[in-house]
file work.cif (mmCIF, C-alpha atoms)
data_input
#
loop_
_atom_site.group_PDB
_atom_site.id
_atom_site.type_symbol
_atom_site.label_atom_id
_atom_site.label_comp_id
_atom_site.auth_asym_id
_atom_site.auth_seq_id
_atom_site.Cartn_x
_atom_site.Cartn_y
_atom_site.Cartn_z
ATOM 1 C CA MET A 13 -44.873 -68.328 -15.455
ATOM 2 C CA GLN A 14 -41.407 -67.677 -16.678
ATOM 3 C CA SER A 15 -39.169 -65.976 -14.148
ATOM 4 C CA HIS A 16 -36.971 -63.080 -15.150
ATOM 5 C CA SER A 17 -33.507 -62.657 -13.701
ATOM 6 C CA LYS A 18 -32.807 -59.289 -12.064
ATOM 7 C CA ILE A 19 -30.570 -57.026 -14.112
ATOM 8 C CA SER A 20 -27.721 -55.745 -11.910
ATOM 9 C CA ALA A 21 -26.372 -52.211 -12.072
ATOM 10 C CA PRO A 22 -23.003 -51.770 -13.802
ATOM 11 C CA GLU A 23 -20.018 -52.243 -11.528
ATOM 12 C CA TRP A 24 -18.091 -49.033 -11.021
ATOM 13 C CA THR A 25 -14.386 -49.735 -10.806
ATOM 14 C CA ILE A 26 -11.734 -47.122 -10.100
ATOM 15 C CA LEU A 27 -10.703 -46.983 -13.762
ATOM 16 C CA LYS A 28 -14.289 -46.631 -15.012
ATOM 17 C CA LEU A 29 -14.948 -43.850 -12.543
ATOM 18 C CA LEU A 30 -11.812 -41.978 -13.529
ATOM 19 C CA LYS A 31 -12.767 -42.118 -17.195
ATOM 20 C CA TRP A 32 -16.356 -41.090 -16.534
ATOM 21 C CA SER A 33 -15.578 -38.272 -14.107
ATOM 22 C CA THR A 34 -12.850 -36.882 -16.378
ATOM 23 C CA SER A 35 -15.333 -36.665 -19.224
ATOM 24 C CA TYR A 36 -17.966 -35.200 -16.906
ATOM 25 C CA PHE A 37 -15.606 -32.467 -15.700
ATOM 26 C CA GLN A 38 -14.610 -31.683 -19.293
ATOM 27 C CA SER A 39 -18.251 -31.218 -20.243
ATOM 28 C CA HIS A 40 -18.657 -28.761 -17.362
ATOM 29 C CA ASN A 41 -15.504 -26.751 -18.176
ATOM 30 C CA ILE A 42 -13.613 -27.746 -15.045
ATOM 31 C CA ASP A 43 -9.868 -27.074 -15.247
ATOM 32 C CA SER A 44 -7.491 -30.061 -15.324
ATOM 33 C CA PRO A 45 -10.335 -32.595 -15.444
ATOM 34 C CA ARG A 46 -8.201 -35.740 -15.233
ATOM 35 C CA VAL A 47 -6.048 -34.499 -12.368
ATOM 36 C CA THR A 48 -9.150 -33.239 -10.559
ATOM 37 C CA ALA A 49 -10.825 -36.626 -10.921
ATOM 38 C CA GLU A 50 -7.742 -38.403 -9.592
ATOM 39 C CA ILE A 51 -7.348 -36.128 -6.576
ATOM 40 C CA LEU A 52 -11.011 -36.304 -5.594
ATOM 41 C CA LEU A 53 -11.308 -40.061 -6.055
ATOM 42 C CA ALA A 54 -8.118 -40.709 -4.117
ATOM 43 C CA HIS A 55 -9.452 -38.480 -1.343
ATOM 44 C CA ALA A 56 -12.817 -40.268 -1.322
ATOM 45 C CA LEU A 57 -11.121 -43.662 -1.031
ATOM 46 C CA LYS A 58 -8.397 -42.443 1.376
ATOM 47 C CA LEU A 59 -5.705 -43.541 -1.065
ATOM 48 C CA LYS A 60 -2.674 -41.959 -2.676
ATOM 49 C CA LYS A 61 -3.047 -41.054 -6.347
ATOM 50 C CA ILE A 62 -0.632 -43.764 -7.429
ATOM 51 C CA ASP A 63 -2.740 -46.367 -5.614
ATOM 52 C CA LEU A 64 -5.619 -45.658 -7.981
ATOM 53 C CA TYR A 65 -3.661 -47.274 -10.794
ATOM 54 C CA LEU A 66 -2.419 -50.123 -8.656
ATOM 55 C CA ARG A 67 -6.070 -50.937 -7.896
ATOM 56 C CA TYR A 68 -7.674 -49.762 -11.133
ATOM 57 C CA ASP A 69 -10.047 -52.752 -11.315
ATOM 58 C CA GLN A 70 -11.227 -52.415 -7.708
ATOM 59 C CA PRO A 71 -15.014 -51.894 -7.498
ATOM 60 C CA LEU A 72 -16.499 -49.229 -5.246
ATOM 61 C CA CYS A 73 -19.237 -49.862 -2.723
ATOM 62 C CA SER A 74 -22.331 -47.659 -2.540
ATOM 63 C CA ASN A 75 -20.977 -45.558 0.342
ATOM 64 C CA GLU A 76 -17.751 -44.828 -1.541
ATOM 65 C CA LEU A 77 -19.701 -43.839 -4.626
ATOM 66 C CA ALA A 78 -21.874 -41.508 -2.546
ATOM 67 C CA VAL A 79 -18.804 -39.809 -1.062
ATOM 68 C CA PHE A 80 -17.230 -39.349 -4.487
ATOM 69 C CA LYS A 81 -20.476 -37.995 -5.944
ATOM 70 C CA ALA A 82 -20.643 -35.382 -3.173
ATOM 71 C CA LEU A 83 -17.084 -34.264 -3.941
ATOM 72 C CA ILE A 84 -17.915 -33.955 -7.638
ATOM 73 C CA GLN A 85 -20.919 -31.766 -6.844
ATOM 74 C CA ARG A 86 -18.775 -29.477 -4.711
ATOM 75 C CA ARG A 87 -16.264 -29.047 -7.532
ATOM 76 C CA LEU A 88 -19.052 -28.227 -9.983
ATOM 77 C CA THR A 89 -19.907 -25.197 -7.836
ATOM 78 C CA LYS A 90 -16.288 -24.070 -8.507
ATOM 79 C CA GLU A 91 -15.103 -24.797 -4.982
ATOM 80 C CA PRO A 92 -11.308 -25.193 -5.247
ATOM 81 C CA VAL A 93 -9.971 -28.733 -5.055
ATOM 82 C CA ALA A 94 -7.594 -27.687 -2.271
ATOM 83 C CA TYR A 95 -10.503 -26.653 -0.040
ATOM 84 C CA ILE A 96 -12.443 -29.806 -0.872
ATOM 85 C CA VAL A 97 -9.634 -32.147 0.123
ATOM 86 C CA GLY A 98 -8.255 -29.765 2.757
ATOM 87 C CA VAL A 99 -4.657 -29.825 1.584
ATOM 88 C CA LYS A 100 -2.371 -28.163 -0.969
ATOM 89 C CA GLU A 101 1.187 -29.019 -1.979
ATOM 90 C CA PHE A 102 3.691 -26.165 -1.918
ATOM 91 C CA TYR A 103 7.468 -26.343 -2.145
ATOM 92 C CA SER A 104 7.271 -30.167 -1.981
ATOM 93 C CA MET A 105 5.353 -30.017 1.301
ATOM 94 C CA ASP A 106 1.665 -30.619 2.031
ATOM 95 C CA PHE A 107 -0.201 -27.864 3.853
ATOM 96 C CA ALA A 108 -3.644 -27.963 5.407
ATOM 97 C CA VAL A 109 -5.821 -25.232 3.926
ATOM 98 C CA THR A 110 -9.262 -23.964 4.833
ATOM 99 C CA SER A 111 -11.429 -21.164 3.492
ATOM 100 C CA ASP A 112 -9.807 -18.955 6.145
ATOM 101 C CA VAL A 113 -6.496 -18.896 4.270
ATOM 102 C CA LEU A 114 -5.306 -18.237 0.743
ATOM 103 C CA ILE A 115 -4.379 -21.334 -1.261
ATOM 104 C CA PRO A 116 -0.583 -21.332 -1.844
ATOM 105 C CA ARG A 117 0.356 -20.686 -5.490
ATOM 106 C CA PRO A 118 3.336 -22.006 -7.476
ATOM 107 C CA GLU A 119 4.495 -18.448 -8.236
ATOM 108 C CA THR A 120 4.973 -17.817 -4.521
ATOM 109 C CA GLU A 121 7.749 -20.419 -4.531
ATOM 110 C CA HIS A 122 9.925 -17.733 -6.137
ATOM 111 C CA LEU A 123 9.471 -15.658 -2.985
ATOM 112 C CA VAL A 124 10.654 -18.612 -0.887
ATOM 113 C CA GLU A 125 13.644 -19.263 -3.148
ATOM 114 C CA ALA A 126 14.713 -15.611 -2.998
ATOM 115 C CA ALA A 127 14.649 -15.720 0.800
ATOM 116 C CA ILE A 128 16.526 -19.027 1.003
ATOM 117 C CA ALA A 129 19.293 -17.516 -1.116
ATOM 118 C CA LEU A 130 19.771 -14.872 1.591
ATOM 119 C CA LEU A 131 19.931 -17.369 4.459
ATOM 120 C CA PRO A 132 23.280 -19.029 5.176
ATOM 121 C CA ASP A 133 23.276 -22.808 5.606
ATOM 122 C CA ASN A 134 24.870 -24.079 8.795
ATOM 123 C CA SER A 135 24.875 -27.752 7.859
ATOM 124 C CA GLY A 136 28.642 -27.663 8.446
ATOM 125 C CA SER A 137 28.127 -26.654 12.102
ATOM 126 C CA ASP A 138 30.242 -23.515 11.904
ATOM 127 C CA PHE A 139 30.723 -22.199 15.444
ATOM 128 C CA ASN A 140 30.869 -18.640 14.115
ATOM 129 C CA PHE A 141 27.527 -19.053 12.381
ATOM 130 C CA GLU A 142 25.211 -16.064 12.844
ATOM 131 C CA LYS A 143 21.535 -16.888 13.147
ATOM 132 C CA LYS A 144 19.229 -14.620 11.168
ATOM 133 C CA ARG A 145 15.865 -13.335 12.370
ATOM 134 C CA ILE A 146 13.055 -13.707 9.827
ATOM 135 C CA LEU A 147 9.539 -12.260 10.072
ATOM 136 C CA GLU A 148 6.658 -13.137 7.770
ATOM 137 C CA LEU A 149 3.715 -10.761 7.635
ATOM 138 C CA GLY A 150 0.314 -12.252 6.789
ATOM 139 C CA THR A 151 1.355 -15.885 7.073
ATOM 140 C CA GLY A 152 -2.007 -17.480 6.195
ATOM 141 C CA SER A 153 -1.462 -21.238 6.046
ATOM 142 C CA GLY A 154 2.178 -20.767 7.033
ATOM 143 C CA ALA A 155 3.390 -22.185 3.724
ATOM 144 C CA ILE A 156 6.100 -19.556 3.199
ATOM 145 C CA ILE A 157 7.622 -19.455 6.688
ATOM 146 C CA LEU A 158 7.415 -23.238 7.091
ATOM 147 C CA SER A 159 9.112 -23.790 3.743
ATOM 148 C CA LEU A 160 11.919 -21.503 4.869
ATOM 149 C CA ALA A 161 12.225 -23.193 8.267
ATOM 150 C CA SER A 162 12.324 -26.626 6.654
ATOM 151 C CA GLN A 163 15.219 -25.596 4.418
ATOM 152 C CA ARG A 164 17.151 -23.430 6.889
ATOM 153 C CA PRO A 165 16.168 -24.691 10.362
ATOM 154 C CA GLU A 166 19.117 -23.031 12.124
ATOM 155 C CA HIS A 167 17.587 -19.556 11.973
ATOM 156 C CA ILE A 168 14.949 -17.819 14.104
ATOM 157 C CA TYR A 169 11.462 -17.458 12.634
ATOM 158 C CA PHE A 170 8.418 -15.318 13.428
ATOM 159 C CA ALA A 171 5.091 -15.188 11.598
ATOM 160 C CA SER A 172 2.022 -13.010 12.069
ATOM 161 C CA ASP A 173 -1.497 -12.712 10.726
ATOM 162 C CA ARG A 174 -4.487 -10.610 11.714
ATOM 163 C CA SER A 175 -6.765 -13.666 11.417
ATOM 164 C CA ILE A 176 -6.936 -15.926 14.465
ATOM 165 C CA LYS A 177 -8.163 -18.793 12.299
ATOM 166 C CA ALA A 178 -5.246 -18.339 9.913
ATOM 167 C CA ILE A 179 -2.795 -18.514 12.812
ATOM 168 C CA GLU A 180 -4.514 -21.684 14.029
ATOM 169 C CA THR A 181 -4.122 -23.227 10.562
ATOM 170 C CA ALA A 182 -0.465 -22.205 10.374
ATOM 171 C CA LYS A 183 0.217 -23.710 13.811
ATOM 172 C CA ARG A 184 -1.491 -26.929 12.723
ATOM 173 C CA ASN A 185 0.800 -27.103 9.698
ATOM 174 C CA ALA A 186 3.835 -26.398 11.842
ATOM 175 C CA ARG A 187 2.962 -29.330 14.107
ATOM 176 C CA GLN A 188 2.342 -31.561 11.090
ATOM 177 C CA HIS A 189 5.873 -30.885 9.844
ATOM 178 C CA ASN A 190 7.494 -30.949 13.297
ATOM 179 C CA LEU A 191 8.447 -27.288 12.969
ATOM 180 C CA ASP A 192 6.288 -25.852 15.748
ATOM 181 C CA SER A 193 9.325 -25.302 17.969
ATOM 182 C CA LYS A 194 11.055 -23.331 15.195
ATOM 183 C CA ILE A 195 8.483 -20.593 14.663
ATOM 184 C CA TYR A 196 6.825 -18.064 16.943
ATOM 185 C CA PHE A 197 3.331 -17.281 15.632
ATOM 186 C CA PHE A 198 1.432 -14.212 16.808
ATOM 187 C CA ILE A 199 -1.647 -12.194 15.899
ATOM 188 C CA CYS A 200 -0.840 -8.836 14.370
ATOM 189 C CA ASN A 201 -2.156 -6.561 11.611
ATOM 190 C CA TRP A 202 1.093 -5.818 9.776
ATOM 191 C CA PHE A 203 3.217 -3.824 12.287
ATOM 192 C CA VAL A 204 0.503 -2.642 14.671
ATOM 193 C CA THR A 205 1.484 -4.637 17.770
ATOM 194 C CA LEU A 206 5.242 -4.388 17.186
ATOM 195 C CA ASN A 207 6.954 -1.729 19.275
ATOM 196 C CA ASP A 208 10.010 0.402 18.590
ATOM 197 C CA HIS A 209 12.091 -1.544 21.100
ATOM 198 C CA ILE A 210 11.730 -4.935 19.424
ATOM 199 C CA ARG A 211 14.957 -6.468 18.209
ATOM 200 C CA PRO A 212 15.123 -5.837 14.439
ATOM 201 C CA PHE A 213 14.919 -8.525 11.792
ATOM 202 C CA ASP A 214 17.332 -9.532 9.061
ATOM 203 C CA ILE A 215 14.537 -10.466 6.645
ATOM 204 C CA ILE A 216 10.910 -9.385 6.452
ATOM 205 C CA ILE A 217 8.889 -11.315 3.896
ATOM 206 C CA SER A 218 5.256 -11.134 2.796
ATOM 207 C CA ASN A 219 2.757 -12.103 0.139
ATOM 208 C CA PRO A 220 0.249 -9.319 0.884
ATOM 209 C CA PRO A 221 -3.088 -8.608 -0.814
ATOM 210 C CA TYR A 222 -2.429 -6.845 -4.114
ATOM 211 C CA ILE A 223 -5.640 -7.193 -6.168
ATOM 212 C CA GLN A 224 -7.595 -4.042 -6.959
ATOM 213 C CA THR A 225 -10.900 -4.028 -5.075
ATOM 214 C CA ARG A 226 -12.990 -3.452 -8.199
ATOM 215 C CA THR A 227 -11.453 -6.395 -10.065
ATOM 216 C CA ILE A 228 -11.862 -9.095 -7.421
ATOM 217 C CA ASN A 229 -15.282 -10.176 -8.692
ATOM 218 C CA ARG A 230 -13.791 -10.542 -12.191
ATOM 219 C CA LEU A 231 -11.389 -13.236 -11.039
ATOM 220 C CA GLN A 232 -12.086 -16.928 -11.453
ATOM 221 C CA PRO A 233 -15.082 -18.033 -9.367
ATOM 222 C CA GLU A 234 -12.772 -20.433 -7.513
ATOM 223 C CA ILE A 235 -11.051 -17.321 -6.169
ATOM 224 C CA TYR A 236 -13.675 -14.641 -5.601
ATOM 225 C CA LYS A 237 -16.367 -17.030 -4.348
ATOM 226 C CA TYR A 238 -14.253 -19.046 -1.942
ATOM 227 C CA GLU A 239 -10.909 -17.512 -0.980
ATOM 228 C CA PRO A 240 -10.798 -14.934 1.851
ATOM 229 C CA VAL A 241 -11.315 -11.446 0.445
ATOM 230 C CA MET A 242 -9.043 -9.845 3.031
ATOM 231 C CA ALA A 243 -6.160 -11.944 1.680
ATOM 232 C CA LEU A 244 -6.840 -10.632 -1.838
ATOM 233 C CA ASP A 245 -8.024 -7.027 -1.552
ATOM 234 C CA GLY A 246 -5.176 -4.561 -2.005
ATOM 235 C CA GLY A 247 -7.415 -1.503 -2.032
ATOM 236 C CA GLU A 248 -8.463 0.806 -4.834
ATOM 237 C CA ASP A 249 -5.152 0.619 -6.711
ATOM 238 C CA GLY A 250 -4.062 -2.796 -5.408
ATOM 239 C CA LEU A 251 -1.019 -1.207 -3.778
ATOM 240 C CA CYS A 252 -2.391 -0.290 -0.358
ATOM 241 C CA CYS A 253 -0.783 -3.149 1.595
ATOM 242 C CA LEU A 254 2.421 -3.114 -0.436
ATOM 243 C CA ARG A 255 2.759 0.620 0.167
ATOM 244 C CA HIS A 256 2.159 0.221 3.902
ATOM 245 C CA ILE A 257 4.751 -2.532 4.278
ATOM 246 C CA ILE A 258 7.377 -0.658 2.242
ATOM 247 C CA ASP A 259 6.729 2.476 4.315
ATOM 248 C CA ASN A 260 7.139 0.717 7.664
ATOM 249 C CA ALA A 261 9.363 -2.357 7.268
ATOM 250 C CA HIS A 262 12.457 -0.141 7.276
ATOM 251 C CA ASP A 263 11.912 0.601 10.982
ATOM 252 C CA TYR A 264 12.051 -3.100 11.870
ATOM 253 C CA LEU A 265 15.006 -4.185 9.737
ATOM 254 C CA ASN A 266 18.678 -4.303 10.628
ATOM 255 C CA PRO A 267 20.879 -2.066 8.433
ATOM 256 C CA GLY A 268 21.385 -4.083 5.267
ATOM 257 C CA GLY A 269 18.382 -6.252 6.122
ATOM 258 C CA SER A 270 16.149 -7.410 3.284
ATOM 259 C CA LEU A 271 12.489 -6.879 2.502
ATOM 260 C CA LEU A 272 10.932 -9.386 0.076
ATOM 261 C CA LEU A 273 7.422 -9.016 -1.314
ATOM 262 C CA GLU A 274 5.239 -10.794 -3.814
ATOM 263 C CA ILE A 275 3.559 -8.357 -6.210
ATOM 264 C CA GLY A 276 0.980 -8.460 -8.983
ATOM 265 C CA TYR A 277 2.147 -9.450 -12.454
ATOM 266 C CA ASP A 278 1.683 -5.877 -13.758
ATOM 267 C CA GLN A 279 2.773 -3.867 -10.718
ATOM 268 C CA LYS A 280 6.537 -3.629 -11.201
ATOM 269 C CA SER A 281 6.720 0.011 -12.324
ATOM 270 C CA GLU A 282 4.306 1.287 -9.668
ATOM 271 C CA VAL A 283 6.018 -0.667 -6.894
ATOM 272 C CA TYR A 284 9.402 0.662 -7.994
ATOM 273 C CA LYS A 285 8.061 4.228 -7.837
ATOM 274 C CA ILE A 286 6.928 3.659 -4.257
ATOM 275 C CA ILE A 287 10.295 2.212 -3.230
ATOM 276 C CA ASP A 288 12.287 4.942 -4.997
ATOM 277 C CA SER A 289 10.211 7.782 -3.543
ATOM 278 C CA ARG A 290 10.800 6.603 0.046
ATOM 279 C CA GLY A 291 14.586 6.669 -0.228
ATOM 280 C CA LYS A 292 14.943 3.986 2.435
ATOM 281 C CA TYR A 293 16.116 1.058 0.334
ATOM 282 C CA GLU A 294 18.836 0.101 -2.116
ATOM 283 C CA GLN A 295 19.769 -2.846 -4.342
ATOM 284 C CA VAL A 296 16.189 -3.239 -5.564
ATOM 285 C CA VAL A 297 15.749 -6.409 -7.634
ATOM 286 C CA PHE A 298 12.635 -7.735 -9.376
ATOM 287 C CA ILE A 299 12.329 -11.499 -9.988
ATOM 288 C CA LYS A 300 10.198 -13.155 -12.669
ATOM 289 C CA ASP A 301 7.818 -16.072 -12.149
ATOM 290 C CA TYR A 302 7.416 -19.174 -14.335
ATOM 291 C CA SER A 303 5.294 -17.177 -16.796
ATOM 292 C CA GLY A 304 7.908 -14.466 -17.233
ATOM 293 C CA ASN A 305 6.051 -11.884 -15.141
ATOM 294 C CA TYR A 306 7.792 -9.879 -12.436
ATOM 295 C CA ARG A 307 6.383 -11.461 -9.277
ATOM 296 C CA VAL A 308 8.875 -10.762 -6.461
ATOM 297 C CA VAL A 309 10.632 -7.587 -5.398
ATOM 298 C CA GLN A 310 13.675 -7.723 -3.140
ATOM 299 C CA MET A 311 15.360 -4.727 -1.531
ATOM 300 C CA LYS A 312 17.840 -3.911 1.238
ATOM 301 C CA LYS A 313 17.555 -1.324 3.963
ATOM 302 C CA LYS A 314 20.110 1.410 3.373
ATOM 303 C CA ARG A 315 23.024 1.441 5.785
ATOM 304 C CA ILE A 316 23.680 4.699 7.592
#
call {"tool": "encode", "arguments": {"input": "work.cif", "output": "structure tokens"}}
result
Amino acid sequence: MQSHSKISAPEWTILKLLKWSTSYFQSHNIDSPRVTAEILLAHALKLKKIDLYLRYDQPLCSNELAVFKALIQRRLTKEPVAYIVGVKEFYSMDFAVTSDVLIPRPETEHLVEAAIALLPDNSGSDFNFEKKRILELGTGSGAIILSLASQRPEHIYFASDRSIKAIETAKRNARQHNLDSKIYFFICNWFVTLNDHIRPFDIIISNPPYIQTRTINRLQPEIYKYEPVMALDGGEDGLCCLRHIIDNAHDYLNPGGSLLLEIGYDQKSEVYKIIDSRGKYEQVVFIKDYSGNYRVVQMKKKRI
């Protein structure tokens, strides 16, 4: 009897998998399908993205294929890539992220840049240099305060969050970037645990929740299904947290100290009304993001 040779399964190389998974993501309406495929495959193989193309003809073993398949299935449920791989780049730094913290956004880099512009650089070792005190409210992953500390390490940094798990994530990121000795992290719901005798700050900075409660479930499923609601929900009008910070930050700032906040793309006029009605601030400036929307508001405490 004539024997029949066994037909082997097709060999899946890195390049073949990238092409297939890109097409598969496109057919399932996944954003940035090629980039998503590259990030997930590199993560599955424990490689850098560039290594995928240096080893494009490398075949994958069955275990590697199984790992990659599991990552694909997670993305199809709309789980954000950052949560799947556990890391997100922000301000040219990699930050560990979990579902306990908001994923850092590119528009928030404008908040960092505005703060850096207010912080003197002591790279020249000026003996008369005055260290500034900076407080971040609602630090989450620590991306904002760590970006500031990496660029202006001579100053004194504090960061708070009401979530213990968020603080743990921020501390982990601080250690990863060798900045843990530069920042004092503490648990606090805005200003609740701060007392009137604390030494005031030169800058208070925050990216608070500013989404209207009723619109959260209309956001992309990657956001409303996976990111922490308490980092998104700004109350009925989306201004609850912004209003609270503007009302209270004045008491913890030095005269002439600055308050910097990220705001919603359509909140400029309402935020300005809040600031103007309090009469506590001057030199109010709104800064646009990459899309041309006003995303950051910067103001100074009035001097007596």
call {"tool": "resolve_selection", "arguments": {"input": "work.cif", "expression": "the PyMOL selection byres ((chain A and resi 258) around 10)", "output": "PDB file with C-alpha atoms, in the coordinates of the input"}}
result
ATOM      1  CA  CYS A 253      -0.783  -3.149   1.595  1.00  0.00           C
ATOM      2  CA  LEU A 254       2.421  -3.114  -0.436  1.00  0.00           C
ATOM      3  CA  ARG A 255       2.759   0.620   0.167  1.00  0.00           C
ATOM      4  CA  HIS A 256       2.159   0.221   3.902  1.00  0.00           C
ATOM      5  CA  ILE A 257       4.751  -2.532   4.278  1.00  0.00           C
ATOM      6  CA  ASP A 259       6.729   2.476   4.315  1.00  0.00           C
ATOM      7  CA  ASN A 260       7.139   0.717   7.664  1.00  0.00           C
ATOM      8  CA  ALA A 261       9.363  -2.357   7.268  1.00  0.00           C
ATOM      9  CA  HIS A 262      12.457  -0.141   7.276  1.00  0.00           C
ATOM     10  CA  ASP A 263      11.912   0.601  10.982  1.00  0.00           C
ATOM     11  CA  LEU A 271      12.489  -6.879   2.502  1.00  0.00           C
ATOM     12  CA  LEU A 272      10.932  -9.386   0.076  1.00  0.00           C
ATOM     13  CA  LEU A 273       7.422  -9.016  -1.314  1.00  0.00           C
ATOM     14  CA  VAL A 283       6.018  -0.667  -6.894  1.00  0.00           C
ATOM     15  CA  ILE A 286       6.928   3.659  -4.257  1.00  0.00           C
ATOM     16  CA  ILE A 287      10.295   2.212  -3.230  1.00  0.00           C
ATOM     17  CA  ARG A 290      10.800   6.603   0.046  1.00  0.00           C
ATOM     18  CA  LYS A 292      14.943   3.986   2.435  1.00  0.00           C
ATOM     19  CA  TYR A 293      16.116   1.058   0.334  1.00  0.00           C
ATOM     20  CA  MET A 311      15.360  -4.727  -1.531  1.00  0.00           C
TER      21      MET A 311
END
call {"tool": "closest_residue", "arguments": {"input": "work.cif", "among": "A:Ile217, A:Gln188, A:Ala178, A:Gly291", "to": "Glu125 (chain A)", "atoms": "all atoms listed in the file"}}
result
A:Ile217
call {"tool": "resolve_selection", "arguments": {"input": "work.cif", "expression": "the PyMOL selection byres ((chain A and resi 24) around 10)", "output": "VMD selection string"}}
result
chain A and resid 21 to 23 25 to 30 32 69 to 74 77
call {"tool": "residues_around", "arguments": {"input": "work.cif", "residues": "region 228-241 of chain A", "least_positions_apart": "2", "cutoff": "8 Å", "atoms": "all atoms listed in the file", "output": "PDB file with C-alpha atoms, in the coordinates of the input"}}
result
ATOM      1  CA  LYS A  90     -16.288 -24.070  -8.507  1.00  0.00           C
ATOM      2  CA  GLU A  91     -15.103 -24.797  -4.982  1.00  0.00           C
ATOM      3  CA  PRO A  92     -11.308 -25.193  -5.247  1.00  0.00           C
ATOM      4  CA  SER A 111     -11.429 -21.164   3.492  1.00  0.00           C
ATOM      5  CA  ASP A 112      -9.807 -18.955   6.145  1.00  0.00           C
ATOM      6  CA  VAL A 113      -6.496 -18.896   4.270  1.00  0.00           C
ATOM      7  CA  LEU A 114      -5.306 -18.237   0.743  1.00  0.00           C
ATOM      8  CA  ILE A 115      -4.379 -21.334  -1.261  1.00  0.00           C
ATOM      9  CA  ILE A 223      -5.640  -7.193  -6.168  1.00  0.00           C
ATOM     10  CA  GLN A 224      -7.595  -4.042  -6.959  1.00  0.00           C
ATOM     11  CA  THR A 225     -10.900  -4.028  -5.075  1.00  0.00           C
ATOM     12  CA  ARG A 226     -12.990  -3.452  -8.199  1.00  0.00           C
ATOM     13  CA  ALA A 243      -6.160 -11.944   1.680  1.00  0.00           C
ATOM     14  CA  LEU A 244      -6.840 -10.632  -1.838  1.00  0.00           C
ATOM     15  CA  ASP A 245      -8.024  -7.027  -1.552  1.00  0.00           C
TER      16      ASP A 245
END
call {"tool": "resolve_selection", "arguments": {"input": "work.cif", "expression": "the PyMOL selection byres ((chain A and resi 316) around 9)", "output": "PDB file with C-alpha atoms, in the frame of the given file"}}
result
ATOM      1  CA  PRO A 267      20.879  -2.066   8.433  1.00  0.00           C
ATOM      2  CA  LYS A 314      20.110   1.410   3.373  1.00  0.00           C
ATOM      3  CA  ARG A 315      23.024   1.441   5.785  1.00  0.00           C
TER       4      ARG A 315
END
call {"tool": "atom_distance", "arguments": {"input": "work.cif", "atom1": "CA of Asp192 (chain A)", "atom2": "CA of Lys100 (chain A)"}}
result
19.0 Å
call {"tool": "atom_distance", "arguments": {"input": "work.cif", "atom1": "CA of Tyr169 (chain A)", "atom2": "CA of His189 (chain A)"}}
result
14.8 Å
call {"tool": "closest_residue", "arguments": {"input": "work.cif", "among": "A:Ile156, A:Val99, A:Leu149, A:Ala78", "to": "Val124 (chain A)", "atoms": "only C-alpha atoms"}}
result
A:Ile156
call {"tool": "decode", "arguments": {"input": "work.cif", "residues": "region 116-149 of chain A", "atoms": "C-alpha atoms", "output": "CSV table (one decimal), in the first residue's frame"}}
result
chain,number,residue,atom,x,y,z
A,116,PRO,CA,-1.1,58.7,30.1
A,117,ARG,CA,-2.2,60.7,27.0
A,118,PRO,CA,-0.1,62.7,24.6
A,119,GLU,CA,-2.1,65.8,25.3
A,120,THR,CA,-1.0,65.7,28.9
A,121,GLU,CA,2.5,66.4,27.7
A,122,HIS,CA,1.4,70.0,27.3
A,123,LEU,CA,0.8,70.1,31.0
A,124,VAL,CA,4.3,68.9,31.7
A,125,GLU,CA,5.8,71.4,29.3
A,126,ALA,CA,4.0,74.3,30.9
A,127,ALA,CA,5.3,73.3,34.3
A,128,ILE,CA,8.9,72.8,33.1
A,129,ALA,CA,8.8,76.3,31.7
A,130,LEU,CA,8.1,77.6,35.2
A,131,LEU,CA,11.0,75.6,36.8
A,132,PRO,CA,14.5,77.1,36.7
A,133,ASP,CA,17.3,74.8,35.5
A,134,ASN,CA,20.3,74.6,37.9
A,135,SER,CA,22.5,72.7,35.5
A,136,GLY,CA,25.0,75.6,36.0
A,137,SER,CA,25.2,74.9,39.7
A,138,ASP,CA,24.2,78.4,40.8
A,139,PHE,CA,24.8,78.7,44.5
A,140,ASN,CA,21.9,81.2,44.7
A,141,PHE,CA,19.6,78.8,43.1
A,142,GLU,CA,16.2,78.6,44.8
A,143,LYS,CA,14.6,75.2,44.9
A,144,LYS,CA,10.9,75.1,44.1
A,145,ARG,CA,8.3,73.0,45.8
A,146,ILE,CA,5.9,71.1,43.4
A,147,LEU,CA,2.8,69.2,44.3
A,148,GLU,CA,0.8,66.9,42.0
A,149,LEU,CA,-2.7,66.0,42.9
